[in-house]
Amino acid sequence: MPRPYFVMQLVNGVPISRYCDELGEKSVQIRSAGEFGRWGRWLTMNFDYVPMLRIMRKLHSIPRGQPPDFNGMKRFRHYLRTIFPNDENAEQLLPLLAMNPMGKDHVAALLDAYLAMDADGIGARVAAEVAARLADVPGDFKVGLVVCDDLMGLGTNRYDYELKIRFPATWIPPNWLRPGFQPKWLKDYWLMGVLWSSESPSERAVREAILTAAHRVAYMHQHGLARTLREMIAQEGQVMALAGCSGPTLDAEDIAYTREVLIPYLDAEDMRTCIECLFGDEAGRTLGFTPRGLSPWAGLALALHDARPNPALQPTGPA
């Protein structure tokens, strides 16, 4: 099971509406503009945006080595020290656990493209925007973007990662899901905006990564954690609609067919059934699961269709 997903958890606080325009290598703190006097620090939610794309790019600049003398330990040791620095006062960059530390040139090229468009600056501004929308949702998080290598990362199955990112209850121990719970070794909770190495870099991808992460936490705060397929569809439909996601979408006939196929499984909670129904046959085949005659991203397309007041019906890519 991928390890990075324990970094997302709800805690107490009140949201944000102010943004620091200066984005350097240090984190950008976003706080509520409300005045609470001496008690303000206890009543405000913090979004602490941490730029990580340049850090990832520096790690990829360390040679992987080439056969027959391949030795990737130099990069891997730097990777571990970056996440868990020896200085106890330094920041733990836990979302980097989701990256492929031995990523190849395609990841470096993707990071270069995101850096060229100032993706971390976009991410910080989007975090400020969504903070203003979620003024009644408590929470206290660090926020950042991370590239997951689903294209060539041998240990990264896109659909297994997607399920765990979207639905923490599918893998996190129940006692970790208590409100306010925080392991002693965990300094901060994180919202992780995921960019995929199989997808072209774009500002839309950055916006949707941050917006879906924020709206997902807000939904969980209001409705609790999704455990059944029915609850997962309801959650992700609202999250994607509020985030303004452009897809996935299906035509009207495929939407009707998907709805009919999913009806017997709406109360299912097991990973296999949920992946088959949410992500379609193509996803199921990557894990040796049962084909159900479903299009790619079928369950999520149905979720977005039902959540939109005026759904678009032209096929597009994943959210």
# chains A, B, ... in the order shown; residues from 1 in each chain; ligands from 1
$ closest_atom_pairs --of "range 254-305 of chain A" --to "range 134-158 of chain A" --cutoff "9 Å" --atoms "only C-alpha atoms" --output "Markdown table"
| residue | atom | partner | partner_atom | distance |
| --- | --- | --- | --- | --- |
| A:Ala283 | CA | A:Arg158 | CA | 8.2 |
| A:Thr286 | CA | A:Asn157 | CA | 7.8 |
| A:Leu287 | CA | A:Asn157 | CA | 8.3 |
$ select_by_dssp --residues "range 47-288 of chain A" --states "alpha helix (DSSP H)" --output "short mmCIF file (atom, residue, chain, number, x, y, z; two decimals) with C-alpha atoms, in the first residue's frame"
data_model
loop_
_atom_site.label_atom_id
_atom_site.label_comp_id
_atom_site.auth_asym_id
_atom_site.auth_seq_id
_atom_site.Cartn_x
_atom_site.Cartn_y
_atom_site.Cartn_z
CA LEU A 53 8.16 21.18 -7.31
CA ARG A 54 11.62 22.76 -7.36
CA ILE A 55 12.68 20.43 -4.55
CA MET A 56 11.52 17.46 -6.62
CA ARG A 57 13.41 18.79 -9.64
CA LYS A 58 16.63 19.10 -7.63
CA LEU A 59 16.29 15.49 -6.54
CA HIS A 60 15.91 14.44 -10.17
CA MET A 73 21.53 5.12 -3.58
CA LYS A 74 22.94 8.66 -3.76
CA ARG A 75 19.65 10.06 -5.03
CA PHE A 76 17.62 7.85 -2.72
CA ARG A 77 19.58 8.95 0.36
CA HIS A 78 19.04 12.61 -0.58
CA TYR A 79 15.34 11.83 -1.08
CA LEU A 80 14.99 10.38 2.42
CA ARG A 81 16.93 13.25 4.02
CA THR A 82 14.68 15.72 2.23
CA ILE A 83 11.54 14.14 3.66
CA ASP A 105 13.86 11.89 -17.66
CA HIS A 106 10.15 12.16 -18.43
CA VAL A 107 9.49 13.24 -14.82
CA ALA A 108 12.30 15.81 -14.91
CA ALA A 109 10.88 17.21 -18.16
CA LEU A 110 7.40 17.44 -16.65
CA LEU A 111 8.75 19.22 -13.58
CA ASP A 112 10.59 21.68 -15.84
CA ALA A 113 7.32 22.43 -17.63
CA TYR A 114 5.46 23.02 -14.38
CA LEU A 115 8.25 25.22 -13.05
CA ALA A 116 8.22 27.24 -16.27
CA ALA A 119 2.80 26.03 -10.97
CA ASP A 120 3.62 26.59 -7.29
CA GLY A 121 2.59 30.22 -7.64
CA ILE A 122 -0.67 29.11 -9.27
CA GLY A 123 -1.19 26.55 -6.52
CA ALA A 124 -0.72 29.13 -3.79
CA ARG A 125 -3.18 31.54 -5.43
CA VAL A 126 -5.76 28.76 -5.89
CA ALA A 127 -5.36 27.82 -2.22
CA ALA A 128 -6.22 31.42 -1.35
CA GLU A 129 -9.28 31.36 -3.61
CA VAL A 130 -10.69 28.15 -2.20
CA ALA A 131 -10.04 29.35 1.35
CA ALA A 132 -12.51 32.17 0.85
CA ARG A 133 -15.16 29.70 -0.36
CA ARG A 158 -2.81 5.06 -10.77
CA TYR A 159 -6.11 3.58 -9.67
CA ASP A 160 -4.90 2.22 -6.35
CA TYR A 161 -3.46 5.67 -5.61
CA GLU A 162 -6.65 7.41 -6.78
CA LEU A 163 -8.83 5.33 -4.47
CA LYS A 164 -6.67 6.03 -1.43
CA ILE A 165 -6.28 9.74 -2.18
CA ARG A 166 -10.01 10.25 -2.65
CA GLU A 203 -2.73 25.32 -15.35
CA ARG A 204 -6.06 23.47 -15.23
CA ALA A 205 -4.35 20.39 -13.81
CA VAL A 206 -2.78 22.50 -11.07
CA ARG A 207 -6.05 24.23 -10.22
CA GLU A 208 -8.05 21.01 -10.12
CA ALA A 209 -5.42 19.27 -7.98
CA ILE A 210 -5.61 21.93 -5.27
CA LEU A 211 -9.35 22.60 -5.52
CA THR A 212 -10.39 18.95 -5.33
CA ALA A 213 -8.13 18.34 -2.31
CA ALA A 214 -9.65 21.31 -0.46
CA HIS A 215 -13.28 20.61 -1.38
CA ARG A 216 -12.81 16.94 -0.50
CA VAL A 217 -11.77 17.80 3.05
CA ALA A 218 -14.71 20.21 3.32
CA TYR A 219 -17.10 17.48 2.16
CA MET A 220 -15.67 15.00 4.67
CA HIS A 221 -16.08 17.55 7.45
CA GLN A 222 -19.76 17.96 6.61
CA HIS A 223 -20.73 14.41 5.64
CA LEU A 229 -19.65 3.00 -3.42
CA ARG A 230 -22.84 5.04 -3.06
CA GLU A 231 -21.13 7.44 -0.65
CA MET A 232 -18.02 7.63 -2.83
CA ILE A 233 -20.06 8.62 -5.89
CA ALA A 234 -21.92 11.28 -3.91
CA GLN A 235 -18.67 12.69 -2.48
CA GLU A 236 -16.68 12.83 -5.68
CA GLY A 237 -19.56 14.25 -7.71
CA GLN A 238 -19.85 17.20 -5.34
CA VAL A 239 -16.09 17.63 -5.04
CA MET A 240 -15.47 17.64 -8.80
CA ALA A 241 -18.45 19.90 -9.50
CA LEU A 242 -17.41 22.46 -6.88
CA ALA A 252 -26.06 10.10 -22.39
CA GLU A 253 -26.30 6.45 -23.43
CA ASP A 254 -23.14 5.49 -21.56
CA ILE A 255 -24.29 7.40 -18.47
CA ALA A 256 -27.57 5.44 -18.44
CA TYR A 257 -25.73 2.15 -18.95
CA THR A 258 -23.23 2.92 -16.17
CA ARG A 259 -26.04 3.81 -13.77
CA GLU A 260 -27.75 0.47 -14.45
CA VAL A 261 -24.54 -1.55 -14.01
CA LEU A 262 -23.64 0.15 -10.71
CA MET A 271 -11.50 -2.07 -2.84
CA ARG A 272 -11.91 -4.40 -5.81
CA THR A 273 -15.55 -3.56 -6.51
CA CYS A 274 -15.06 0.15 -5.92
CA ILE A 275 -12.10 0.37 -8.31
CA GLU A 276 -13.97 -1.63 -10.97
CA CYS A 277 -17.04 0.59 -10.73
CA LEU A 278 -15.40 4.00 -10.26
CA PHE A 279 -12.57 3.73 -12.76
CA ASP A 281 -12.56 -1.92 -17.04
CA GLU A 282 -9.23 -0.45 -18.09
CA ALA A 283 -8.39 0.27 -14.46
CA GLY A 284 -9.56 -3.14 -13.31
CA ARG A 285 -7.33 -4.91 -15.82
CA THR A 286 -4.22 -3.25 -14.40
#
$ select_by_dssp --residues "range 93-198 of chain A" --states "strand (DSSP E)" --output "list in words"
Phe141, Lys142, Val143, Gly144, Leu145, Val146, Val147, Cys148, Trp190, Leu191, Met192, Gly193, Val194, Leu195 and Trp196 of chain A
$ write_last_selection --atoms "N, CA and C atoms" --output "mmCIF file, in the first residue's frame"
data_model
loop_
_atom_site.group_PDB
_atom_site.id
_atom_site.type_symbol
_atom_site.label_atom_id
_atom_site.label_comp_id
_atom_site.auth_asym_id
_atom_site.auth_seq_id
_atom_site.Cartn_x
_atom_site.Cartn_y
_atom_site.Cartn_z
ATOM 1 N N PHE A 141 -3.781 22.993 7.807
ATOM 2 C CA PHE A 141 -3.025 22.134 6.915
ATOM 3 C C PHE A 141 -1.839 22.832 6.284
ATOM 4 N N LYS A 142 -0.841 22.044 5.934
ATOM 5 C CA LYS A 142 0.113 22.433 4.925
ATOM 6 C C LYS A 142 -0.397 21.905 3.585
ATOM 7 N N VAL A 143 -0.121 22.648 2.522
ATOM 8 C CA VAL A 143 -0.647 22.317 1.203
ATOM 9 C C VAL A 143 0.499 22.327 0.203
ATOM 10 N N GLY A 144 0.509 21.366 -0.720
ATOM 11 C CA GLY A 144 1.547 21.361 -1.737
ATOM 12 C C GLY A 144 1.207 20.460 -2.901
ATOM 13 N N LEU A 145 1.931 20.675 -3.999
ATOM 14 C CA LEU A 145 1.796 19.862 -5.202
ATOM 15 C C LEU A 145 2.878 18.793 -5.246
ATOM 16 N N VAL A 146 2.523 17.617 -5.750
ATOM 17 C CA VAL A 146 3.499 16.542 -5.917
ATOM 18 C C VAL A 146 3.190 15.798 -7.210
ATOM 19 N N VAL A 147 4.238 15.388 -7.923
ATOM 20 C CA VAL A 147 4.071 14.616 -9.158
ATOM 21 C C VAL A 147 4.169 13.136 -8.839
ATOM 22 N N CYS A 148 3.128 12.383 -9.179
ATOM 23 C CA CYS A 148 3.136 10.922 -9.042
ATOM 24 C C CYS A 148 3.418 10.307 -10.409
ATOM 25 N N TRP A 190 -1.316 17.394 5.932
ATOM 26 C CA TRP A 190 -1.100 17.912 4.596
ATOM 27 C C TRP A 190 -2.316 17.704 3.706
ATOM 28 N N LEU A 191 -2.551 18.659 2.810
ATOM 29 C CA LEU A 191 -3.413 18.462 1.652
ATOM 30 C C LEU A 191 -2.496 18.361 0.448
ATOM 31 N N MET A 192 -2.597 17.272 -0.278
ATOM 32 C CA MET A 192 -1.682 16.984 -1.371
ATOM 33 C C MET A 192 -2.397 17.111 -2.708
ATOM 34 N N GLY A 193 -1.973 18.087 -3.514
ATOM 35 C CA GLY A 193 -2.480 18.219 -4.873
ATOM 36 C C GLY A 193 -1.646 17.352 -5.801
ATOM 37 N N VAL A 194 -2.255 16.342 -6.422
ATOM 38 C CA VAL A 194 -1.511 15.358 -7.195
ATOM 39 C C VAL A 194 -1.530 15.708 -8.685
ATOM 40 N N LEU A 195 -0.340 15.747 -9.272
ATOM 41 C CA LEU A 195 -0.156 15.876 -10.712
ATOM 42 C C LEU A 195 0.403 14.548 -11.218
ATOM 43 N N TRP A 196 -0.094 14.076 -12.360
ATOM 44 C CA TRP A 196 0.261 12.739 -12.841
ATOM 45 C C TRP A 196 1.217 12.831 -14.013
#
$ residues_around --residues "Lys187 in chain A" --least-positions-apart "6" --cutoff "10 Å" --atoms "only C-alpha atoms" --output "list in words"
Val7, Glu88, Asn89, Glu91, Gln92 and Leu94 of chain A
$ residues_around --residues "Thr228 in chain A" --least-positions-apart "5" --cutoff "8 Å" --atoms "only C-alpha atoms" --output "list in words"
Leu266, Asp267, Ala268 and Glu269 of chain A
$ write_last_selection --atoms "N, CA and C atoms" --output "PDB file, in the first residue's frame"
ATOM      1  N   LEU A 266     -23.961  -0.577  -5.101  1.00  0.00           N
ATOM      2  CA  LEU A 266     -23.879   0.728  -4.432  1.00  0.00           C
ATOM      3  C   LEU A 266     -23.534   0.633  -2.950  1.00  0.00           C
ATOM      4  N   ASP A 267     -23.812  -0.487  -2.331  1.00  0.00           N
ATOM      5  CA  ASP A 267     -23.474  -0.645  -0.911  1.00  0.00           C
ATOM      6  C   ASP A 267     -22.149  -1.386  -0.694  1.00  0.00           C
ATOM      7  N   ALA A 268     -21.431  -1.649  -1.761  1.00  0.00           N
ATOM      8  CA  ALA A 268     -20.140  -2.334  -1.646  1.00  0.00           C
ATOM      9  C   ALA A 268     -19.110  -1.431  -0.991  1.00  0.00           C
ATOM     10  N   GLU A 269     -18.216  -2.036  -0.205  1.00  0.00           N
ATOM     11  CA  GLU A 269     -17.147  -1.296   0.456  1.00  0.00           C
ATOM     12  C   GLU A 269     -15.758  -1.816   0.098  1.00  0.00           C
TER      13      GLU A 269
END
$ atom_distance --atom1 "CA of Ala303 in chain A" --atom2 "CA of Pro174 in chain A"
26.1 Å
